[in-house]
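Visitor: Got a structure for you, questions after.
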Amino acid sequence: MNMSVDIAGVTLKNPVMTASGTFGSGVEYSEFVDLNRLGAVVTKGVANIPWQGNPTPRIAETYGGMLNAVGLQNPGIDLFLERDIPFLKQYDTKIVVNVCGRTTEDYCEVVERLADCDVDLLEINISCPNVKEGGIAFGQNPKAVEKITNELKRIARQPVIMKLSPNVTDITEMAKAAEAGGADALSLINTLTGMKIDVNKRAFVLANKTGGLSGPAIKPVAVRMVYQVANAVNLPIIGMGGIINEEDALEFIMAGASAVAVGTANFTNPMATVDIVDGLEEYMSKNGIEDINELIGCVK
Amino acid sequence: MSKKYKKIVKIEKMEQIGAGIFSIWLEDREITFEATAGQFVSLYCRDGSRLLPRPISICEIDKEKGMVRLVFRVAGKGTEEFAKMKPGDFIDVMGPLGNGFTLEGTKAILIGGGIGIPPMLELAKELSCEKQIVLGYRDSDTFLKEEFEPYGTVYVATEDGSIGTKGNVIDAIKGNDLNADIIFACGPAPMLRGVKEYAISHEIKAQISMEERMACGIGACLACVCGKKEKDHHTNVKNTRICKDGPVFYIDDIEL
């Protein structure tokens, strides 16, 4: 039985990855999860310098979901390279570094610093809804998507995955723009911008007023977008948005994703990622599927 | 750092001990063995629409029976779900989490405000020095008060003045002329700010337990941070993870 999948020439032992921002660099979850069993660990977004992030409260639970406005707090590339990468290198899993920035130069600096580093893939976050200056500003305009993809591709030594925002009128336009810019793969979806109000306090629950909605509540939207993008571009897709079990993962795969990322589910069940790997294996053996690649995009 | 467990455990005892306040004993030898005063556990809801675990501080640790006690206030749908559970039911829990109190000092003031009172009970049991225990309630609807009495002198402050000193815990400390070489406190942010001011002006060392909305509970998601005076070893900025590097901090290290 073959569980391995290919993302831009990188072979993952199975299609299950972690979703950026929910899993740190894996240190904390390694107390519960054997990281060797994951297709890849996607790190929390890292910038050229340390970021303080947003004020608290940074999260709020919603029905079947949660809002977050962490604001890409990160220790900066220096400490990240010194501490987090050596930690992950101990494991037999692929390393995907999520890169964030406020300006094109910020992104370029991080990608350059990673050039000589032994990591497998870069995931570029141009879709964070919680940071005013950067992130999303690049992700909602096709011209900007193409331009930054192109600039990063020129300096990147690893394949580049562009992470797309669902907060657009037509996500296929952004996907096509990333493809035109030379992207090697796409990740979708990032969180949907949302808001929660405390009616007793007559105030916003989040200090940032708005936050990114994730969790099972957004899954149908994410599956639809993966399907649309899979039919619009010729790039491998990493599908994510509300995956909590193998059935959810299979929906994304059948819609056209070559791999999936598990995010919010880690909070509900720290073993969610490996449980999904087990679940996929079981599904395949029960249904006599020899190769998981047979399932990618099988629903037309 | 203590070892953490994620498992389904049995509820041994469950009772309401105040208005919207519930006491629950969980049976588990491993979690109990690791637990120390000031740590917390995450309780997971059964209802799939509620994704995030609820962090609840540990109120008592019975190493002999292998049980931990949690005392919580019903604050929303999740805690409402827990309040309806019965002895013999099973609940999904992760813990113990965070770092607890450091036992120190020769004469201590233990301060608990509202739902910050429960973790002070285990601390009162473990701390061997002279103890003055100051508990702050809204009104005469107190809880756990009698349970503290074997471990020290108990002083009460109520907002409406129905019992003890009228006012807050600092009013009770001043009104009773208490002094100490160490303060331990857990309660709402305004109370902790008052404790900080008092501790600094009286040059008393203080450990406080912080509260914030949490998601992962283990230090990965950076939802529950608080401001820190110096750059933090992990975050590399001036904030720190409450769930992982707290919830107990020395008051001078933290921005309140």
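Following the order of the structure tokens, first chain is A, next is B, and so on, with residues numbered from 1 inside each chain and ligands from 1 in the order they appear.
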Near Ala124 (chain B), within 9 Å and counting only C-alpha atoms, which residues show up once chain neighbours fewer than 3 positions away are dropped, as a compact mmCIF listing (two decimals) with C-alpha atoms, in the first residue's frame?
Guide:
# COMPACT_ATOMS: atom_id res chain seq x y z
CA ALA B 37 0.08 23.21 43.49
CA LEU B 110 -1.99 33.54 50.30
CA PRO B 119 -5.51 26.72 43.53
CA MET B 120 -4.59 28.37 46.84
CA LEU B 121 -6.05 25.39 48.75
CA LEU B 127 3.32 25.20 52.27
CA SER B 128 4.84 24.52 55.69
CA LYS B 131 0.13 31.19 56.61
CA ILE B 133 -5.01 33.28 53.92
CA PHE B 148 -8.79 26.67 54.34
CA TYR B 151 -4.05 25.49 57.27
CA GLY B 152 -3.81 29.07 58.53
Visitor: For chain A, work out the contacting residues on chain B at 9 Å, counting only C-alpha atoms, and write them as a ChimeraX atom specification.
Guide: /B:3-6,44-45,48-53,212-226,234-239
Visitor: Counting only C-alpha atoms, what is within 10 Å of Ala144 (chain A), bar same-chain residues fewer than 3 positions away, as a ChimeraX atom specification?
Guide: /A:126,137-141,147-150,174,177-178,181
Visitor: Keeping only C-alpha atoms, take the residues you just selected and write them out as a tab-separated table (two decimals), in the first residue's frame.
Guide:
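out_28.tsv, freshly written:
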chain	number	residue	atom	x	y	z
A	126	ILE	CA	0.54	36.03	1.79
A	137	ALA	CA	-2.05	42.88	1.41
A	138	PHE	CA	-0.10	40.65	-0.97
A	139	GLY	CA	-2.75	37.99	-1.18
A	140	GLN	CA	-5.84	39.85	-2.36
A	141	ASN	CA	-4.55	41.26	-5.61
A	147	LYS	CA	4.93	39.74	-8.48
A	148	ILE	CA	5.92	38.49	-5.04
A	149	THR	CA	5.85	34.86	-6.20
A	150	ASN	CA	8.17	35.78	-9.03
A	174	MET	CA	-5.03	34.21	-7.15
A	177	ALA	CA	-1.47	34.47	-10.60
A	178	ALA	CA	0.74	32.36	-8.31
A	181	GLY	CA	4.64	33.85	-10.99
Visitor: Run DSSP on the backbone and give me the residues of region 126-189 of chain A it puts in strand (DSSP E), as a list in words.
Guide: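 Listing strand (DSSP E) positions across region 126-189 of chain A yields Val160, Ile161, Met162, Lys163, Ala185, Leu186, Ser187 and Leu188 of chain A.
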Visitor: Just want the 10 Å neighbourhood of Met162 (chain A), counted on only C-alpha atoms, with same-chain residues fewer than 5 positions away dropped. Output as an MDAnalysis selection string.
Guide: chainID A and resid 98:99 122:127 139 145 148:149 174:175 178:179 182:188 237:238
Visitor: Got time to write the residues from that selection, N, CA and C atoms, as an mmCIF file, in the first residue's frame?
Guide:
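Result went into part.cif, see below:
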data_model
loop_
_atom_site.group_PDB
_atom_site.id
_atom_site.type_symbol
_atom_site.label_atom_id
_atom_site.label_comp_id
_atom_site.auth_asym_id
_atom_site.auth_seq_id
_atom_site.Cartn_x
_atom_site.Cartn_y
_atom_site.Cartn_z
ATOM 1 N N ASN A 98 7.220 28.014 7.025
ATOM 2 C CA ASN A 98 6.263 29.053 6.645
ATOM 3 C C ASN A 98 6.930 30.412 6.839
ATOM 4 N N VAL A 99 6.863 31.226 5.801
ATOM 5 C CA VAL A 99 7.570 32.518 5.788
ATOM 6 C C VAL A 99 6.554 33.654 5.794
ATOM 7 N N LEU A 122 9.294 25.688 1.120
ATOM 8 C CA LEU A 122 8.946 26.974 1.733
ATOM 9 C C LEU A 122 7.468 27.235 1.469
ATOM 10 N N GLU A 123 6.768 27.643 2.498
ATOM 11 C CA GLU A 123 5.366 28.017 2.320
ATOM 12 C C GLU A 123 5.272 29.512 2.605
ATOM 13 N N ILE A 124 4.818 30.271 1.625
ATOM 14 C CA ILE A 124 4.815 31.720 1.766
ATOM 15 C C ILE A 124 3.424 32.193 2.190
ATOM 16 N N ASN A 125 3.389 32.819 3.356
ATOM 17 C CA ASN A 125 2.106 33.285 3.885
ATOM 18 C C ASN A 125 1.796 34.676 3.355
ATOM 19 N N ILE A 126 0.971 34.717 2.315
ATOM 20 C CA ILE A 126 0.542 36.027 1.792
ATOM 21 C C ILE A 126 -0.941 36.210 2.104
ATOM 22 N N SER A 127 -1.368 35.578 3.198
ATOM 23 C CA SER A 127 -2.816 35.529 3.426
ATOM 24 C C SER A 127 -3.230 35.658 4.877
ATOM 25 N N GLY A 139 -1.981 39.162 -0.770
ATOM 26 C CA GLY A 139 -2.749 37.992 -1.180
ATOM 27 C C GLY A 139 -4.106 38.279 -1.784
ATOM 28 N N VAL A 145 0.203 39.080 -6.138
ATOM 29 C CA VAL A 145 0.520 37.660 -5.919
ATOM 30 C C VAL A 145 1.573 37.206 -6.928
ATOM 31 N N ILE A 148 5.128 38.980 -6.189
ATOM 32 C CA ILE A 148 5.918 38.487 -5.037
ATOM 33 C C ILE A 148 6.339 37.030 -5.264
ATOM 34 N N THR A 149 5.492 36.252 -5.904
ATOM 35 C CA THR A 149 5.853 34.864 -6.196
ATOM 36 C C THR A 149 7.103 34.850 -7.080
ATOM 37 N N MET A 174 -6.256 34.144 -7.951
ATOM 38 C CA MET A 174 -5.026 34.214 -7.151
ATOM 39 C C MET A 174 -4.153 32.987 -7.439
ATOM 40 N N ALA A 175 -4.812 31.843 -7.596
ATOM 41 C CA ALA A 175 -4.082 30.610 -7.885
ATOM 42 C C ALA A 175 -3.373 30.717 -9.230
ATOM 43 N N ALA A 178 -0.405 33.011 -8.948
ATOM 44 C CA ALA A 178 0.743 32.358 -8.305
ATOM 45 C C ALA A 178 1.420 31.419 -9.309
ATOM 46 N N GLU A 179 0.622 30.721 -10.089
ATOM 47 C CA GLU A 179 1.170 29.823 -11.112
ATOM 48 C C GLU A 179 1.971 30.616 -12.149
ATOM 49 N N GLY A 182 5.314 31.531 -11.053
ATOM 50 C CA GLY A 182 6.277 30.432 -10.953
ATOM 51 C C GLY A 182 6.164 29.579 -9.712
ATOM 52 N N ALA A 183 5.066 29.700 -8.991
ATOM 53 C CA ALA A 183 4.892 28.888 -7.769
ATOM 54 C C ALA A 183 4.986 27.401 -8.098
ATOM 55 N N ASP A 184 5.531 26.625 -7.145
ATOM 56 C CA ASP A 184 5.659 25.189 -7.338
ATOM 57 C C ASP A 184 4.475 24.418 -6.786
ATOM 58 N N ALA A 185 3.762 25.034 -5.845
ATOM 59 C CA ALA A 185 2.604 24.380 -5.235
ATOM 60 C C ALA A 185 1.762 25.462 -4.554
ATOM 61 N N LEU A 186 0.547 25.080 -4.158
ATOM 62 C CA LEU A 186 -0.341 26.020 -3.467
ATOM 63 C C LEU A 186 -0.854 25.386 -2.179
ATOM 64 N N SER A 187 -1.022 26.217 -1.156
ATOM 65 C CA SER A 187 -1.683 25.807 0.084
ATOM 66 C C SER A 187 -2.972 26.587 0.192
ATOM 67 N N LEU A 188 -4.073 25.895 0.477
ATOM 68 C CA LEU A 188 -5.300 26.627 0.709
ATOM 69 C C LEU A 188 -6.261 25.762 1.522
ATOM 70 N N ILE A 237 -1.677 20.763 -4.812
ATOM 71 C CA ILE A 237 -2.372 21.554 -3.795
ATOM 72 C C ILE A 237 -2.270 20.872 -2.440
ATOM 73 N N ILE A 238 -1.991 21.678 -1.419
ATOM 74 C CA ILE A 238 -2.080 21.206 -0.043
ATOM 75 C C ILE A 238 -3.383 21.787 0.498
#
Visitor: Using only C-alpha atoms, what table do you get, as CSV, when you list each residue of region 102-213 of chain B with an atom no more than 12 Å from region 64-88 of chain B, its nearest pair of atoms, and their distance in Å rounded to one decimal, rows by chain then rising number?
Guide:
residue,atom,partner,partner_atom,distance
B:Gly114,CA,B:Arg73,CA,9.2
B:Ile115,CA,B:Arg73,CA,6.6
B:Gly116,CA,B:Phe72,CA,9.4
B:Ile117,CA,B:Val71,CA,9.0
B:Pro118,CA,B:Val71,CA,6.0
B:Pro119,CA,B:Val71,CA,8.5
B:Met120,CA,B:Val71,CA,11.2
B:Leu121,CA,B:Arg69,CA,10.3
B:Glu122,CA,B:Arg69,CA,9.4
B:Phe143,CA,B:Val71,CA,9.8
B:Leu144,CA,B:Val71,CA,9.3
Visitor: Just write the chosen residues, C-alpha atoms, as a PDB file, in the first residue's frame.
Guide:
ATOM      1  CA  GLY B 114     -13.185  34.652  43.215  1.00  0.00           C
ATOM      2  CA  ILE B 115     -12.446  31.664  41.022  1.00  0.00           C
ATOM      3  CA  GLY B 116      -8.749  32.309  41.764  1.00  0.00           C
ATOM      4  CA  ILE B 117      -9.344  30.839  45.226  1.00  0.00           C
ATOM      5  CA  PRO B 118      -9.251  27.085  44.394  1.00  0.00           C
ATOM      6  CA  PRO B 119      -5.512  26.724  43.530  1.00  0.00           C
ATOM      7  CA  MET B 120      -4.593  28.366  46.843  1.00  0.00           C
ATOM      8  CA  LEU B 121      -6.054  25.391  48.750  1.00  0.00           C
ATOM      9  CA  GLU B 122      -3.449  22.870  47.592  1.00  0.00           C
ATOM     10  CA  PHE B 143     -17.050  28.695  48.852  1.00  0.00           C
ATOM     11  CA  LEU B 144     -14.079  26.661  50.135  1.00  0.00           C
TER      12      LEU B 144
END
Visitor: Name the residues in contact with region 192-200 of chain B at a cut-off of 9 Å, using only C-alpha atoms, excluding same-chain residues fewer than 3 positions from it; report them as an mmCIF file with C-alpha atoms, in the first residue's frame.
Guide:
data_model
loop_
_atom_site.group_PDB
_atom_site.id
_atom_site.type_symbol
_atom_site.label_atom_id
_atom_site.label_comp_id
_atom_site.auth_asym_id
_atom_site.auth_seq_id
_atom_site.Cartn_x
_atom_site.Cartn_y
_atom_site.Cartn_z
ATOM 1 C CA ILE B 111 -4.462 35.605 48.298
ATOM 2 C CA VAL B 169 -8.282 41.572 49.366
ATOM 3 C CA ILE B 170 -5.797 44.433 49.717
ATOM 4 C CA ILE B 182 6.208 36.063 50.548
ATOM 5 C CA ILE B 183 2.885 36.560 48.787
ATOM 6 C CA ALA B 185 -1.895 35.231 44.622
ATOM 7 C CA CYS B 186 -4.435 34.094 42.057
ATOM 8 C CA GLY B 187 -7.407 36.106 40.868
ATOM 9 C CA PRO B 188 -8.693 38.580 38.295
ATOM 10 C CA ALA B 189 -6.275 41.051 36.657
ATOM 11 C CA GLU B 203 9.105 45.094 49.332
ATOM 12 C CA ILE B 204 7.583 41.625 49.548
ATOM 13 C CA LYS B 205 8.417 38.914 47.037
ATOM 14 C CA ALA B 206 5.307 37.673 45.214
ATOM 15 C CA ILE B 208 1.086 35.206 40.971
ATOM 16 C CA SER B 209 -0.961 32.878 38.822
ATOM 17 C CA MET B 210 -2.132 34.369 35.521
ATOM 18 C CA ILE B 251 5.319 39.400 39.907
ATOM 19 C CA ASP B 252 8.374 41.499 38.940
ATOM 20 C CA LEU B 256 0.211 43.642 34.409
#
Visitor: Between CA of Lys176 (chain A) and CA of Gln228 (chain A), measure the distance and give it in Å to one decimal.
Guide: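 Value for the CA of Lys176 (chain A)-CA of Gln228 (chain A) distance: 11.3 Å.
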Visitor: Just how far from CA of Leu38 (chain A) is CA of Thr93 (chain A), in Å to one decimal?
Guide: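 That distance, rounded to one decimal, is 6.1 Å.
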Visitor: Could you please determine the separation between CA of Glu146 (chain A) and CA of Lys300 (chain A) in Å, to one decimal place?
Guide: 27.7 Å
Visitor: Smallest atom-to-atom distance to Val16 (chain A): which of A:Gly39, A:Gly263, A:Gly194, A:Gly242, using only C-alpha atoms?
Guide: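 For Val16 (chain A), the nearest of the candidates is A:Gly39.
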Visitor: Within region 205-293 of chain A, find each residue whose DSSP state, derived from the backbone, is alpha helix (DSSP H), and express the selection as an NGL selection string.
Guide: :A and (219-230 or 246-255 or 265-268 or 272-286)
Visitor: Output N, CA and C atoms for every residue in that selection, as a compact mmCIF listing (two decimals), in the first residue's frame.
Guide:
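What ended up in result33.txt:
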# COMPACT_ATOMS: atom_id res chain seq x y z
N LYS A 219 -14.93 24.06 6.79
CA LYS A 219 -14.49 22.97 5.91
C LYS A 219 -15.19 22.95 4.54
N PRO A 220 -16.51 23.09 4.49
CA PRO A 220 -17.15 23.03 3.16
C PRO A 220 -16.65 24.12 2.21
N VAL A 221 -16.37 25.30 2.76
CA VAL A 221 -15.83 26.39 1.94
C VAL A 221 -14.46 25.99 1.40
N ALA A 222 -13.65 25.42 2.28
CA ALA A 222 -12.28 25.04 1.90
C ALA A 222 -12.29 23.93 0.84
N VAL A 223 -13.15 22.94 1.01
CA VAL A 223 -13.23 21.84 0.04
C VAL A 223 -13.63 22.39 -1.33
N ARG A 224 -14.62 23.27 -1.32
CA ARG A 224 -15.06 23.88 -2.58
C ARG A 224 -13.91 24.64 -3.26
N MET A 225 -13.15 25.41 -2.48
CA MET A 225 -12.07 26.20 -3.07
C MET A 225 -10.96 25.31 -3.60
N VAL A 226 -10.65 24.22 -2.89
CA VAL A 226 -9.63 23.28 -3.37
C VAL A 226 -10.09 22.68 -4.71
N TYR A 227 -11.35 22.33 -4.78
CA TYR A 227 -11.90 21.76 -6.02
C TYR A 227 -11.77 22.76 -7.17
N GLN A 228 -12.17 24.02 -6.90
CA GLN A 228 -12.10 25.05 -7.95
C GLN A 228 -10.66 25.26 -8.42
N VAL A 229 -9.74 25.38 -7.45
CA VAL A 229 -8.35 25.66 -7.80
C VAL A 229 -7.73 24.47 -8.53
N ALA A 230 -8.05 23.26 -8.08
CA ALA A 230 -7.51 22.06 -8.72
C ALA A 230 -7.91 22.01 -10.20
N GLU A 246 -10.05 11.46 9.27
CA GLU A 246 -9.61 10.98 7.96
C GLU A 246 -10.66 11.24 6.89
N GLU A 247 -11.91 11.23 7.29
CA GLU A 247 -12.97 11.49 6.31
C GLU A 247 -12.84 12.90 5.74
N ASP A 248 -12.56 13.85 6.62
CA ASP A 248 -12.34 15.23 6.17
C ASP A 248 -11.14 15.28 5.22
N ALA A 249 -10.06 14.62 5.63
CA ALA A 249 -8.84 14.62 4.80
C ALA A 249 -9.15 14.05 3.43
N LEU A 250 -9.92 12.97 3.39
CA LEU A 250 -10.27 12.34 2.11
C LEU A 250 -11.10 13.27 1.24
N GLU A 251 -11.99 14.06 1.84
CA GLU A 251 -12.76 15.01 1.04
C GLU A 251 -11.83 15.95 0.27
N PHE A 252 -10.82 16.46 0.99
CA PHE A 252 -9.87 17.38 0.34
C PHE A 252 -9.09 16.67 -0.76
N ILE A 253 -8.66 15.44 -0.47
CA ILE A 253 -7.87 14.69 -1.45
C ILE A 253 -8.71 14.41 -2.69
N MET A 254 -9.94 13.98 -2.47
CA MET A 254 -10.81 13.67 -3.60
C MET A 254 -11.18 14.93 -4.39
N ALA A 255 -11.17 16.08 -3.71
CA ALA A 255 -11.45 17.34 -4.40
C ALA A 255 -10.24 17.82 -5.21
N ALA A 265 -7.65 21.18 14.71
CA ALA A 265 -7.92 19.87 15.34
C ALA A 265 -6.85 19.50 16.36
N ASN A 266 -5.62 20.01 16.20
CA ASN A 266 -4.58 19.72 17.19
C ASN A 266 -4.97 20.21 18.59
N PHE A 267 -5.76 21.28 18.63
CA PHE A 267 -6.17 21.83 19.92
C PHE A 267 -7.24 20.95 20.58
N THR A 268 -8.08 20.36 19.75
CA THR A 268 -9.15 19.50 20.26
C THR A 268 -8.61 18.11 20.61
N ALA A 272 -4.36 14.38 16.81
CA ALA A 272 -5.21 14.41 15.61
C ALA A 272 -4.43 14.01 14.35
N THR A 273 -3.21 14.53 14.19
CA THR A 273 -2.45 14.25 12.96
C THR A 273 -2.20 12.75 12.76
N VAL A 274 -1.68 12.10 13.80
CA VAL A 274 -1.38 10.65 13.66
C VAL A 274 -2.66 9.83 13.59
N ASP A 275 -3.70 10.28 14.28
CA ASP A 275 -4.99 9.58 14.18
C ASP A 275 -5.48 9.60 12.73
N ILE A 276 -5.24 10.72 12.04
CA ILE A 276 -5.67 10.84 10.64
C ILE A 276 -4.82 9.94 9.74
N VAL A 277 -3.52 9.87 10.01
CA VAL A 277 -2.65 8.95 9.24
C VAL A 277 -3.18 7.52 9.40
N ASP A 278 -3.47 7.12 10.63
CA ASP A 278 -4.01 5.78 10.89
C ASP A 278 -5.34 5.58 10.16
N GLY A 279 -6.18 6.60 10.23
CA GLY A 279 -7.50 6.52 9.61
C GLY A 279 -7.42 6.37 8.09
N LEU A 280 -6.48 7.07 7.49
CA LEU A 280 -6.31 6.97 6.03
C LEU A 280 -5.85 5.56 5.64
N GLU A 281 -4.93 5.04 6.44
CA GLU A 281 -4.43 3.68 6.18
C GLU A 281 -5.57 2.67 6.23
N GLU A 282 -6.38 2.83 7.26
CA GLU A 282 -7.51 1.93 7.45
C GLU A 282 -8.50 2.02 6.29
N TYR A 283 -8.78 3.26 5.88
CA TYR A 283 -9.71 3.48 4.77
C TYR A 283 -9.19 2.79 3.51
N MET A 284 -7.87 2.93 3.28
CA MET A 284 -7.29 2.35 2.07
C MET A 284 -7.36 0.83 2.09
N SER A 285 -7.00 0.24 3.23
CA SER A 285 -7.01 -1.23 3.26
C SER A 285 -8.43 -1.76 3.19
N LYS A 286 -9.36 -1.05 3.84
CA LYS A 286 -10.76 -1.48 3.81
C LYS A 286 -11.34 -1.42 2.41
